[in-house]
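Q: For reference, the structure I am asking about is given below.
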Number of protein chains: 2
Amino acid sequence: MATSPIPSAKNSLLKLENQLCFPFYAVSRLLTKAYQPLLQALGLTYPQYLVFLLLWEHGQLTVKELGEKLLLDSGTLTPLLKRMAQKQWLSRRRDPRDERSVIIELLPAGRTLEAQAGPVPEQMLGKMQMSAEEIAALRVHLTHLLTQLA
Amino acid sequence: MATSPIPSAKNSLLKLENQLCFPFYAVSRLLTKAYQPLLQALGLTYPQYLVFLLLWEHGQLTVKELGEKLLLDSGTLTPLLKRMAQKQWLSRRRDPRDERSVIIELLPAGRTLEAQAGPVPEQMLGKMQMSAEEIAALRVHLTHLLTQLA
DNA sequence: TAAAAATTAATTGTGCACAATCAAACATTA
DNA sequence: TAATGTTTGATTGTGCACAATTAATTTTTA
């Protein structure tokens, strides 16, 4: 007569320790918290830092393009970008060729932050204490999940 | 005369696509969004679901214990638990033996949700489309990062 | 080209998330 | 035991995050 394969593990999938998603949730928050002391010196939050990564590379992008790359919608980006514009880090203006679009352009004060942020990636890698192999393996799994869920 | 090893990759670590942390941030949000339609049927948010995972297992816990297990502080938990108490899912009361502690206890309406949440973990595994090997490998890396950052 | 459909941001409302501060209760020790 | 220090939650204020709705503009199509 068949018995339950793991008798003591009733509802084991409904235990926090057996969740795969919770570690993602927790690691994500802990990573943001690990950035905080580094970014605070620049007056930045983590989502604002992500916007800067894109603007430092591309100079200017529309809100739609920022949202596509960061997987964030305008309800998140609009107030965030307004705060960044108030600090003269970037400008917001309608695209005259398509008045629906808003162009976000890096301003000199925002460009200045790029040099100050230079050491941040290495400092974070130091906090994570992972080998190049581990990082490469993780990147593969995360990219897979990202495409699976996006 | 030595040249830069990767001439075209000036500041490559300051590009979004080369970030390791961004995928964690994005995957975490996408996972929460993937839970949403499943949990909405129960009237739950993802953080509330995590609280329930602990209460279904332990029956009752203090706010401090919940915070330690979920890595959340009282500024997050107090209002969240008040909303859950308002729905009669749990009770909040001071521990008479130590009036500083607040005991969170599962109520019948909260226990009822356990059965309804039963299929959720399998449904999420289906959405993630990962092999048992991938999941096991990910769990190792995530646990390592968690202990490294916590 | 006039009407219908689609695109793009902004707005509104709810719910986290966390730093900083506060207040109450408990523990320690001089 | 009285003063000091610690623990525990609650509160306050700021900043995301996202669903749902709205408004303006552009594109498509009848």
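In the structure tokens, chains take letters A, B, ... by order of appearance, with residues numbered from 1 within each chain and ligands from 1 in the order shown.
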What lies within 10 Å of DA19 of chain C using only C-alpha atoms (C1' of nucleotides), ignoring chain neighbours under 2 positions off, as a PDB file with N, CA and C atoms (P, O5', C5', C4', C3', O3' and C1' of nucleotides), in the first residue's frame?
A:
```pdb
ATOM      1  N   GLY B  75       8.473  49.032  10.530  1.00  0.00           N
ATOM      2  CA  GLY B  75       7.890  50.080   9.704  1.00  0.00           C
ATOM      3  C   GLY B  75       7.149  49.525   8.501  1.00  0.00           C
TER       4      GLY B  75
ATOM      5  P    DA C  17       7.631  44.884   0.141  1.00  0.00           P
ATOM      6  O5'  DA C  17       8.565  46.034   0.724  1.00  0.00           O
ATOM      7  C5'  DA C  17       9.611  46.545  -0.071  1.00  0.00           C
ATOM      8  C4'  DA C  17      10.378  47.625   0.662  1.00  0.00           C
ATOM      9  C3'  DA C  17      11.031  47.236   1.991  1.00  0.00           C
ATOM     10  O3'  DA C  17      12.422  47.239   1.762  1.00  0.00           O
ATOM     11  C1'  DA C  17      10.079  49.425   2.063  1.00  0.00           C
ATOM     12  P    DT C  21      17.337  60.962  13.521  1.00  0.00           P
ATOM     13  O5'  DT C  21      16.057  60.843  14.458  1.00  0.00           O
ATOM     14  C5'  DT C  21      14.824  61.403  14.005  1.00  0.00           C
ATOM     15  C4'  DT C  21      13.687  60.915  14.861  1.00  0.00           C
ATOM     16  C3'  DT C  21      13.950  60.983  16.361  1.00  0.00           C
ATOM     17  O3'  DT C  21      13.046  61.909  16.939  1.00  0.00           O
ATOM     18  C1'  DT C  21      12.886  58.951  15.732  1.00  0.00           C
TER      19       DT C  21
ATOM     20  P    DG D  13       5.401  63.655   9.560  1.00  0.00           P
ATOM     21  O5'  DG D  13       6.452  63.330   8.413  1.00  0.00           O
ATOM     22  C5'  DG D  13       7.848  63.359   8.734  1.00  0.00           C
ATOM     23  C4'  DG D  13       8.638  62.888   7.545  1.00  0.00           C
ATOM     24  C3'  DG D  13       8.067  63.331   6.194  1.00  0.00           C
ATOM     25  O3'  DG D  13       9.134  63.757   5.358  1.00  0.00           O
ATOM     26  C1'  DG D  13       8.286  60.979   6.236  1.00  0.00           C
ATOM     27  P    DT D  14       8.840  64.380   3.917  1.00  0.00           P
ATOM     28  O5'  DT D  14       9.552  63.341   2.939  1.00  0.00           O
ATOM     29  C5'  DT D  14      10.918  63.001   3.150  1.00  0.00           C
ATOM     30  C4'  DT D  14      11.283  61.831   2.282  1.00  0.00           C
ATOM     31  C3'  DT D  14      10.877  61.989   0.812  1.00  0.00           C
ATOM     32  O3'  DT D  14      12.026  61.784   0.009  1.00  0.00           O
ATOM     33  C1'  DT D  14      10.165  59.893   1.662  1.00  0.00           C
TER      34       DT D  14
END
```
Q: Hey, list the chain A side of the contact with chain B: 8 Å cut-off, only C-alpha atoms, answer as a ChimeraX atom specification.
A: /A:11,13-16,19-31,34,50,53-54,57,70-71,118,121,127-129,134-135,138-139,141-143,145-146,148-150
Q: Write down as a PDB file with C-alpha atoms, in the first residue's frame the residues of chain B whose backbone DSSP state falls under strand (DSSP E or B).
A:
```
ATOM      1  CA  GLN B  60       1.745  32.319  16.016  1.00  0.00           C
ATOM      2  CA  LEU B  61       4.865  34.446  15.998  1.00  0.00           C
ATOM      3  CA  THR B  62       5.914  37.807  17.382  1.00  0.00           C
ATOM      4  CA  LEU B  90      -4.905  37.228  12.354  1.00  0.00           C
ATOM      5  CA  SER B  91      -4.945  38.799  15.796  1.00  0.00           C
ATOM      6  CA  ARG B  92      -2.491  41.257  17.350  1.00  0.00           C
ATOM      7  CA  ARG B  93      -1.995  41.342  21.097  1.00  0.00           C
ATOM      8  CA  ARG B  94       0.776  42.175  23.548  1.00  0.00           C
ATOM      9  CA  ASP B  95       2.559  39.296  25.220  1.00  0.00           C
ATOM     10  CA  ASP B  98       6.712  40.864  28.001  1.00  0.00           C
ATOM     11  CA  GLU B  99       4.574  43.809  27.098  1.00  0.00           C
ATOM     12  CA  ARG B 100       7.130  44.968  24.530  1.00  0.00           C
ATOM     13  CA  SER B 101       6.330  42.015  22.266  1.00  0.00           C
ATOM     14  CA  VAL B 102       3.298  41.787  20.021  1.00  0.00           C
ATOM     15  CA  ILE B 103       2.037  38.293  19.275  1.00  0.00           C
ATOM     16  CA  ILE B 104       0.554  37.680  15.848  1.00  0.00           C
ATOM     17  CA  GLU B 105      -1.793  34.680  15.873  1.00  0.00           C
ATOM     18  CA  LEU B 106      -3.495  32.975  12.961  1.00  0.00           C
TER      19      LEU B 106
END
```
Q: Could you go through segment 35-124 of chain A and tell me which residues DSSP, when run on the backbone, assigns to alpha helix (DSSP H), listing them as a PyMOL selection string?
A: chain A and resi 35-40+46-58+63-70+74-86+108-117+120-124
Q: Mind giving me the straight-line distance from atom CA of Leu81 of chain B to atom CA of Glu65 of chain B in Å, one decimal?
A: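 Atom CA of Glu65 of chain B lies at a distance of 13.3 Å from atom CA of Leu81 of chain B.
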Q: Taking only C-alpha atoms (C1' of nucleotides) into account, find every residue of chain D that has an atom no more than 9 Å from chain B, and write it out as a ChimeraX atom specification.
A: /D:7-11,17
Q: Determine the nearest neighbour of chain C from the options B:Ala132, B:Leu113, B:Leu80, B:Leu38, counting only C-alpha atoms (C1' of nucleotides).
A: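 Smallest separation from chain C among the options: B:Leu80.
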Q: List every residue of chain C that has an atom at most 12 Å from any atom of chain A, giving for each one its closest atom pair and the distance in Å to one decimal, counting only C-alpha atoms (C1' of nucleotides), sorted by chain and then by ascending residue number, as JSON lines.
A:
```
{"residue": "C:DT7", "atom": "C1'", "partner": "A:Arg100", "partner_atom": "CA", "distance": 7.9}
{"residue": "C:DT8", "atom": "C1'", "partner": "A:Arg100", "partner_atom": "CA", "distance": 5.0}
{"residue": "C:DA9", "atom": "C1'", "partner": "A:Ser74", "partner_atom": "CA", "distance": 6.7}
{"residue": "C:DA10", "atom": "C1'", "partner": "A:Thr78", "partner_atom": "CA", "distance": 7.6}
{"residue": "C:DT11", "atom": "C1'", "partner": "A:Gly75", "partner_atom": "CA", "distance": 8.2}
{"residue": "C:DT12", "atom": "C1'", "partner": "A:Gly75", "partner_atom": "CA", "distance": 9.7}
{"residue": "C:DG13", "atom": "C1'", "partner": "A:Gly75", "partner_atom": "CA", "distance": 11.4}
{"residue": "C:DC16", "atom": "C1'", "partner": "A:Arg29", "partner_atom": "CA", "distance": 11.9}
{"residue": "C:DA17", "atom": "C1'", "partner": "A:Arg29", "partner_atom": "CA", "distance": 8.6}
{"residue": "C:DC18", "atom": "C1'", "partner": "A:Lys33", "partner_atom": "CA", "distance": 9.0}
{"residue": "C:DA19", "atom": "C1'", "partner": "A:Gln36", "partner_atom": "CA", "distance": 10.8}
```
Q: Restricting the output to N, CA and C atoms (P, O5', C5', C4', C3', O3' and C1' of nucleotides), write the selected residues as a CSV table (one decimal), in the first residue's frame.
A:
```
chain,number,residue,atom,x,y,z
C,7,DT,P,-0.7,50.2,-30.4
C,7,DT,O5',0.0,51.6,-30.0
C,7,DT,C5',0.4,52.5,-31.0
C,7,DT,C4',0.8,53.8,-30.3
C,7,DT,C3',1.7,53.6,-29.1
C,7,DT,O3',2.8,54.5,-29.3
C,7,DT,C1',-0.1,55.1,-28.6
C,8,DT,P,4.2,54.2,-28.5
C,8,DT,O5',4.1,55.3,-27.3
C,8,DT,C5',4.1,56.7,-27.7
C,8,DT,C4',3.7,57.5,-26.5
C,8,DT,C3',4.4,57.2,-25.2
C,8,DT,O3',5.3,58.2,-24.9
C,8,DT,C1',2.1,57.6,-24.9
C,9,DA,P,6.4,58.0,-23.7
C,9,DA,O5',6.0,59.1,-22.7
C,9,DA,C5',4.7,59.1,-22.2
C,9,DA,C4',4.3,60.4,-21.7
C,9,DA,C3',4.6,60.7,-20.2
C,9,DA,O3',4.6,62.0,-19.9
C,9,DA,C1',2.3,60.1,-20.5
C,10,DA,P,5.0,62.5,-18.5
C,10,DA,O5',3.6,62.6,-17.8
C,10,DA,C5',2.6,63.6,-18.3
C,10,DA,C4',1.3,63.5,-17.5
C,10,DA,C3',1.5,63.6,-16.0
C,10,DA,O3',0.6,64.6,-15.5
C,10,DA,C1',0.2,61.7,-16.5
C,11,DT,P,0.6,65.0,-14.0
C,11,DT,O5',-0.6,64.1,-13.4
C,11,DT,C5',-1.9,64.2,-14.1
C,11,DT,C4',-2.9,63.3,-13.4
C,11,DT,C3',-2.9,63.3,-11.9
C,11,DT,O3',-4.2,63.5,-11.4
C,11,DT,C1',-2.8,61.1,-12.6
C,12,DT,P,-4.5,63.9,-9.9
C,12,DT,O5',-5.0,62.5,-9.3
C,12,DT,C5',-6.1,61.8,-10.0
C,12,DT,C4',-6.3,60.5,-9.3
C,12,DT,C3',-6.2,60.5,-7.8
C,12,DT,O3',-7.3,59.9,-7.2
C,12,DT,C1',-4.9,58.7,-8.7
C,13,DG,P,-7.6,60.0,-5.7
C,13,DG,O5',-7.3,58.5,-5.2
C,13,DG,C5',-7.9,57.4,-5.9
C,13,DG,C4',-7.3,56.1,-5.4
C,13,DG,C3',-7.0,56.1,-3.9
C,13,DG,O3',-7.4,54.8,-3.4
C,13,DG,C1',-5.1,55.5,-5.1
C,16,DC,P,0.9,45.4,1.7
C,16,DC,O5',2.0,46.3,2.3
C,16,DC,C5',3.4,45.9,2.3
C,16,DC,C4',4.1,46.1,1.0
C,16,DC,C3',5.6,46.1,1.2
C,16,DC,O3',6.2,45.5,0.0
C,16,DC,C1',5.0,48.2,0.4
C,17,DA,P,7.6,44.9,0.1
C,17,DA,O5',8.6,46.0,0.7
C,17,DA,C5',9.6,46.5,-0.1
C,17,DA,C4',10.4,47.6,0.7
C,17,DA,C3',11.0,47.2,2.0
C,17,DA,O3',12.4,47.2,1.8
C,17,DA,C1',10.1,49.4,2.1
C,18,DC,P,13.5,46.9,2.9
C,18,DC,O5',13.8,48.3,3.6
C,18,DC,C5',14.4,49.3,2.7
C,18,DC,C4',14.5,50.6,3.5
C,18,DC,C3',15.1,50.4,4.9
C,18,DC,O3',16.0,51.5,5.1
C,18,DC,C1',13.1,51.6,5.0
C,19,DA,P,17.3,51.2,5.9
C,19,DA,O5',17.7,52.7,6.4
C,19,DA,C5',17.7,53.7,5.4
C,19,DA,C4',17.4,55.0,6.1
C,19,DA,C3',18.0,55.2,7.4
C,19,DA,O3',18.5,56.6,7.5
C,19,DA,C1',15.6,55.4,7.6
```
